[in-house]
Amino acid sequence: MKRLALLSLGLFAVASKAQDPAKDRLRQALGDTELVGTWIYDDLEAGYAEARRLDRPMMVVIRCVT
Amino acid sequence: MDRFVCVRIVQGWGLDLTLFQYDWRQTWQVFLMNADRDIYGRYSAHHSDDLEALRKAMEGALELHARYPANKGELAGKRGIPLPWKRPEEMPALQARGMPRPVTGRDGCIHCHNIQEGATKSYAALGQPVPARISAPYPTTQRVGFMLDTAERATVADVQTGTPAAASGMKVGDRLLRLGGQPILSAADAQWVLWSGPDAGILKAQVDRGGRTMELEMSLPEGWRSK
C-alpha cells in the first residue's frame with residue numbers, strides 16, 4: 001500500500017495549471033494540494049480538448065474521493 | 001507524464017458508461033486513451049507492487065498513439081459493450097440516491113462499487129436477468145488458467161495445467177500481444193477482454209515466444225466465469 005500511496009502522490013505532484021475555482025476548491029477539500037501541472041481535475045471534456053490541441057494521449061484516472 | 005494529458009475523475013455521477021467500463025470494485029482505475037475517445041489500454045491497481053506495469057502500459061499507449069488513426073479499427077473492442085444505461089444516474093437502483101450534483105468534498109458522490117451494485121439491482125428492476133459478466137466476479141486471467149507478471153506489460157508468469165490456457169499451448173514467458181484481437185498493454189486489458197468477451201467459445205490469443213509470433217486458441221467452456 002505504501003507504493004500505491006507514493007504513486008498517488010506522484011501522479012498528482014506535477015506542475016501547476018490554472019483551473020475553474022470550483023475545481024480548485026474541490027481539490028483543496030480532497031487534500032490534493034500538490035495537484036499541479038497538466039492535470040485536469042474532474043473535467044473530461046476539457047481533457048479531450050487539451051489532448052486534441054496537443055495531439056497527446058490521455059491518462060484518465062478514476063479514483064474515489066474517499 | 002508530460003507526454004500525456006492527465007485527468008482525474010473523482011466521482012461516478014455522469015461517468016460515460018459507454019466508455020468507462022472496468023472492474024467497478026477497484027478503488028482506482030486508469031484509462032489510456034485519446035481525444036477521439038478510443039481506448040488504448042486499461043490499468044487496475046490490483047497489487048501494490050505493479051507500478052512498473054503501469055509505466056510499461058503507458059509506453060504501450062504512446063506506441064499505439066503514434067500509429068493512430070491507422071490502428072483505430074483494432075481498438076474498437078476496447079470501448080464498452082452495450083448496457084441499458086449510458087450514465088450511472090440512469091440506473092433505477094441508483095436514482096434513489098438523488099439527482100447528480102457537483103462533488104465538493106468527500107461526500108455527495110457515488111462510488112465505483114455503487115455502479116456495480118446499481119447495475120446488478122437495476123437489471124432486476126427492468127425485469128431482465130443479470131448478465132453473467134455482471135453477476136460473476138470480474139475475471140482474473142487465472143480464471144482461464146494463466147497469470148501475468150505484475151512487473152511487465154503482459155508476460156505470462158504461470159500456466160495452470162488442465163485449463164483453457166494450457167490446452168491452447170500457452171507457455172510461461174510468452175508475451176501476450178493480442179487477446180480477442182485487441183492489443184494488450186496490461187493485465188487489466190486481458191481482464192477486459194475476458195469480461196467483455198463470450199460466455200463460451202473460442203478466444204484467440206497472439207503471443208511472442210522468443211521473437212516468434214504465434215497464434216493460440218483458448219476454448220472457454222460454458223460457465224467459465226463462475227468456475
# chains A, B, ... in the order shown; residues from 1 in each chain; ligands from 1
$ interface_residues --of "chain B" --to "chain A" --cutoff "7 Å" --atoms "only C-alpha atoms" --output "list in words"
Arg3, Phe4, Val5, Cys6, Val7, Arg8, Ile9, Val10, Gln11, Thr27, Trp28, Gln29, Val30, Phe31, Leu32, Met33, Asn34, Ala35, Ser48, Asp49, His65, Thr104, Gly105, Arg106 and His111 of chain B
$ residues_around --residues "Pro88 (chain B)" --least-positions-apart "4" --cutoff "7 Å" --atoms "only C-alpha atoms" --output "PDB file with N, CA and C atoms, in the first residue's frame"
ATOM      1  N   GLY B  12     -18.540   8.982  -9.606  1.00  0.00           N
ATOM      2  CA  GLY B  12     -19.218   8.169 -10.602  1.00  0.00           C
ATOM      3  C   GLY B  12     -20.340   8.874 -11.328  1.00  0.00           C
ATOM      4  N   TRP B  13     -20.935   9.872 -10.689  1.00  0.00           N
ATOM      5  CA  TRP B  13     -22.027  10.586 -11.351  1.00  0.00           C
ATOM      6  C   TRP B  13     -21.543  11.133 -12.688  1.00  0.00           C
ATOM      7  N   GLY B  14     -22.346  10.886 -13.719  1.00  0.00           N
ATOM      8  CA  GLY B  14     -22.015  11.435 -15.034  1.00  0.00           C
ATOM      9  C   GLY B  14     -21.006  10.629 -15.818  1.00  0.00           C
ATOM     10  N   LEU B  15     -20.490   9.568 -15.221  1.00  0.00           N
ATOM     11  CA  LEU B  15     -19.475   8.773 -15.920  1.00  0.00           C
ATOM     12  C   LEU B  15     -20.074   8.152 -17.182  1.00  0.00           C
ATOM     13  N   ILE B 115     -21.766   1.677  -8.617  1.00  0.00           N
ATOM     14  CA  ILE B 115     -22.157   1.422 -10.005  1.00  0.00           C
ATOM     15  C   ILE B 115     -22.346  -0.072 -10.210  1.00  0.00           C
TER      16      ILE B 115
END
$ atom_distance --atom1 "CA of Met218 (chain B)" --atom2 "CA of Gln191 (chain B)"
14.4 Å
$ atom_distance --atom1 "CA of Met1 (chain B)" --atom2 "CA of Tyr68 (chain B)"
19.4 Å
$ select_by_dssp --residues "region 7-165 of chain B" --states "strand (DSSP E)" --output "list of chain:residue names"
B:Val7, B:Arg8, B:Ile9, B:Trp28, B:Gln29, B:Val30, B:Phe31, B:Leu32, B:Met33, B:Ile39, B:Tyr40, B:Gly41, B:Arg42, B:Tyr43, B:Ser44, B:Phe146, B:Met147, B:Leu148, B:Val156, B:Ala157, B:Asp158, B:Val159
$ atom_distance --atom1 "CA of Asp23 (chain B)" --atom2 "CA of Asp208 (chain B)"
27.3 Å
$ residues_around --residues "Leu17 (chain B)" --least-positions-apart "5" --cutoff "10 Å" --atoms "only C-alpha atoms" --output "PyMOL selection string"
chain B and resi 12+22+79-88+115
$ write_last_selection --atoms "C-alpha atoms" --output "compact mmCIF listing (two decimals), in the first residue's frame"
# COMPACT_ATOMS: atom_id res chain seq x y z
CA GLY B 12 -19.22 8.17 -10.60
CA TYR B 22 -14.00 -1.70 -15.76
CA ARG B 79 -14.79 0.51 -25.92
CA GLY B 80 -17.62 -0.52 -23.65
CA ILE B 81 -20.20 -3.11 -24.55
CA PRO B 82 -23.89 -2.07 -24.77
CA LEU B 83 -25.52 -1.59 -21.37
CA PRO B 84 -29.09 -0.43 -20.72
CA TRP B 85 -27.75 2.79 -19.19
CA LYS B 86 -25.37 5.40 -20.56
CA ARG B 87 -24.72 7.01 -17.19
CA PRO B 88 -24.96 5.65 -13.63
CA ILE B 115 -22.16 1.42 -10.00
$ closest_residue --among "B:Pro221, B:Ser44, B:Lys72, B:Ala53" --to "Ala188 (chain B)" --atoms "only C-alpha atoms"
B:Ser44
$ decode --residues "region 26-170 of chain B" --atoms "C-alpha atoms" --output "compact mmCIF listing (two decimals), in the first residue's frame"
# COMPACT_ATOMS: atom_id res chain seq x y z
CA GLN B 26 -11.49 -1.45 -7.70
CA THR B 27 -10.55 1.67 -5.80
CA TRP B 28 -8.86 3.24 -8.79
CA GLN B 29 -8.53 2.64 -12.47
CA VAL B 30 -6.53 4.18 -15.31
CA PHE B 31 -7.71 4.59 -18.88
CA LEU B 32 -5.09 5.37 -21.53
CA MET B 33 -6.99 6.83 -24.45
CA ASN B 34 -7.20 9.68 -26.94
CA ALA B 35 -9.31 12.71 -27.80
CA ASP B 36 -11.47 10.62 -30.14
CA ARG B 37 -12.41 8.51 -27.10
CA ASP B 38 -10.58 5.50 -28.47
CA ILE B 39 -9.10 3.47 -25.62
CA TYR B 40 -5.50 2.28 -25.87
CA GLY B 41 -5.46 0.38 -22.62
CA ARG B 42 -6.63 -0.05 -19.05
CA TYR B 43 -4.74 -0.41 -15.81
CA SER B 44 -6.09 -1.52 -12.45
CA ALA B 45 -4.46 -1.36 -9.08
CA HIS B 46 -4.76 -4.98 -8.10
CA HIS B 47 -1.41 -5.07 -6.41
CA SER B 48 0.72 -2.51 -4.67
CA ASP B 49 3.86 -3.76 -6.39
CA ASP B 50 2.87 -3.49 -10.04
CA LEU B 51 3.61 0.19 -10.72
CA GLU B 52 6.30 -0.79 -13.21
CA ALA B 53 3.50 -2.38 -15.20
CA LEU B 54 1.71 0.99 -15.33
CA ARG B 55 4.82 2.63 -16.76
CA LYS B 56 5.08 -0.08 -19.40
CA ALA B 57 1.39 0.21 -20.24
CA MET B 58 1.92 3.96 -20.72
CA GLU B 59 4.79 3.22 -23.09
CA GLY B 60 2.48 0.92 -25.00
CA ALA B 61 -0.15 3.64 -25.19
CA LEU B 62 2.40 6.02 -26.68
CA GLU B 63 3.24 3.39 -29.31
CA LEU B 64 -0.43 2.95 -30.19
CA HIS B 65 -0.94 6.73 -30.26
CA ALA B 66 1.96 7.11 -32.70
CA ARG B 67 0.20 4.70 -35.07
CA TYR B 68 -3.22 6.32 -34.65
CA PRO B 69 -5.58 6.57 -36.58
CA ALA B 70 -4.32 3.76 -38.84
CA ASN B 71 -4.97 1.36 -35.94
CA LYS B 72 -8.40 2.74 -34.99
CA GLY B 73 -10.16 -0.46 -36.08
CA GLU B 74 -8.18 -2.71 -33.77
CA LEU B 75 -9.12 -0.51 -30.81
CA ALA B 76 -12.87 -0.80 -31.35
CA GLY B 77 -13.27 -3.72 -28.96
CA LYS B 78 -11.73 -1.71 -26.14
CA ARG B 79 -14.79 0.51 -25.92
CA GLY B 80 -17.62 -0.52 -23.65
CA ILE B 81 -20.20 -3.11 -24.55
CA PRO B 82 -23.89 -2.07 -24.77
CA LEU B 83 -25.52 -1.59 -21.37
CA PRO B 84 -29.09 -0.43 -20.72
CA TRP B 85 -27.75 2.79 -19.19
CA LYS B 86 -25.37 5.40 -20.56
CA ARG B 87 -24.72 7.01 -17.19
CA PRO B 88 -24.96 5.65 -13.63
CA GLU B 89 -27.72 8.10 -12.73
CA GLU B 90 -29.97 6.40 -15.31
CA MET B 91 -29.86 3.16 -13.33
CA PRO B 92 -33.17 2.70 -11.48
CA ALA B 93 -31.39 1.36 -8.42
CA LEU B 94 -29.26 4.50 -8.14
CA GLN B 95 -32.00 7.05 -8.70
CA ALA B 96 -32.99 6.79 -5.05
CA ARG B 97 -29.66 8.38 -4.21
CA GLY B 98 -30.90 11.68 -5.60
CA MET B 99 -30.01 13.78 -8.57
CA PRO B 100 -26.40 14.19 -9.65
CA ARG B 101 -24.73 17.14 -8.06
CA PRO B 102 -21.23 18.53 -8.04
CA VAL B 103 -18.91 16.84 -5.62
CA THR B 104 -17.50 19.45 -3.30
CA GLY B 105 -15.59 17.23 -0.94
CA ARG B 106 -15.52 13.75 0.45
CA ASP B 107 -19.24 13.24 0.19
CA GLY B 108 -22.03 13.54 -2.29
CA CYS B 109 -20.75 11.20 -4.96
CA ILE B 110 -21.44 7.68 -5.92
CA HIS B 111 -18.50 5.35 -5.87
CA CYS B 112 -17.38 2.77 -8.38
CA HIS B 113 -18.73 -0.07 -6.27
CA ASN B 114 -22.12 1.69 -6.20
CA ILE B 115 -22.16 1.42 -10.00
CA GLN B 116 -21.52 -2.30 -9.78
CA GLU B 117 -24.28 -2.77 -7.21
CA GLY B 118 -26.57 -0.42 -9.11
CA ALA B 119 -26.17 -2.36 -12.34
CA THR B 120 -26.93 -5.66 -10.65
CA LYS B 121 -30.07 -4.34 -8.95
CA SER B 122 -31.20 -2.34 -11.97
CA TYR B 123 -31.35 -5.34 -14.24
CA ALA B 124 -33.80 -6.82 -11.75
CA ALA B 125 -35.77 -3.57 -11.74
CA LEU B 126 -36.05 -3.85 -15.51
CA GLY B 127 -37.26 -7.42 -15.17
CA GLN B 128 -34.19 -8.66 -17.03
CA PRO B 129 -31.82 -11.41 -15.98
CA VAL B 130 -28.49 -10.13 -14.74
CA PRO B 131 -25.86 -10.99 -17.38
CA ALA B 132 -23.24 -13.45 -16.20
CA ARG B 133 -20.47 -10.90 -16.73
CA ILE B 134 -22.23 -8.52 -14.31
CA SER B 135 -23.13 -11.06 -11.63
CA ALA B 136 -19.86 -13.01 -11.61
CA PRO B 137 -16.67 -11.61 -10.11
CA TYR B 138 -14.65 -9.56 -12.60
CA PRO B 139 -12.44 -12.26 -14.15
CA THR B 140 -8.75 -12.52 -13.50
CA THR B 141 -6.70 -14.31 -16.15
CA GLN B 142 -6.35 -17.17 -13.67
CA ARG B 143 -9.99 -17.91 -14.38
CA VAL B 144 -8.87 -19.30 -17.76
CA GLY B 145 -5.59 -20.68 -16.48
CA PHE B 146 -2.78 -18.18 -16.74
CA MET B 147 -1.14 -15.46 -14.70
CA LEU B 148 0.74 -12.39 -15.93
CA ASP B 149 3.92 -10.97 -14.46
CA THR B 150 2.85 -7.90 -12.47
CA ALA B 151 6.10 -6.10 -13.36
CA GLU B 152 5.65 -6.49 -17.10
CA ARG B 153 3.19 -5.31 -19.70
CA ALA B 154 1.68 -8.75 -20.31
CA THR B 155 4.20 -11.58 -19.93
CA VAL B 156 2.88 -14.97 -18.91
CA ALA B 157 4.23 -15.93 -15.48
CA ASP B 158 2.30 -19.14 -14.90
CA VAL B 159 0.08 -21.55 -16.80
CA GLN B 160 -2.08 -23.94 -14.82
CA THR B 161 -2.48 -27.47 -16.14
CA GLY B 162 -5.89 -28.63 -17.26
CA THR B 163 -7.10 -25.16 -18.18
CA PRO B 164 -8.08 -23.43 -21.44
CA ALA B 165 -4.73 -21.59 -21.43
CA ALA B 166 -2.74 -24.79 -21.07
CA ALA B 167 -4.78 -26.51 -23.77
CA SER B 168 -4.06 -23.60 -26.13
CA GLY B 169 -0.32 -24.22 -25.81
CA MET B 170 0.41 -21.05 -23.87
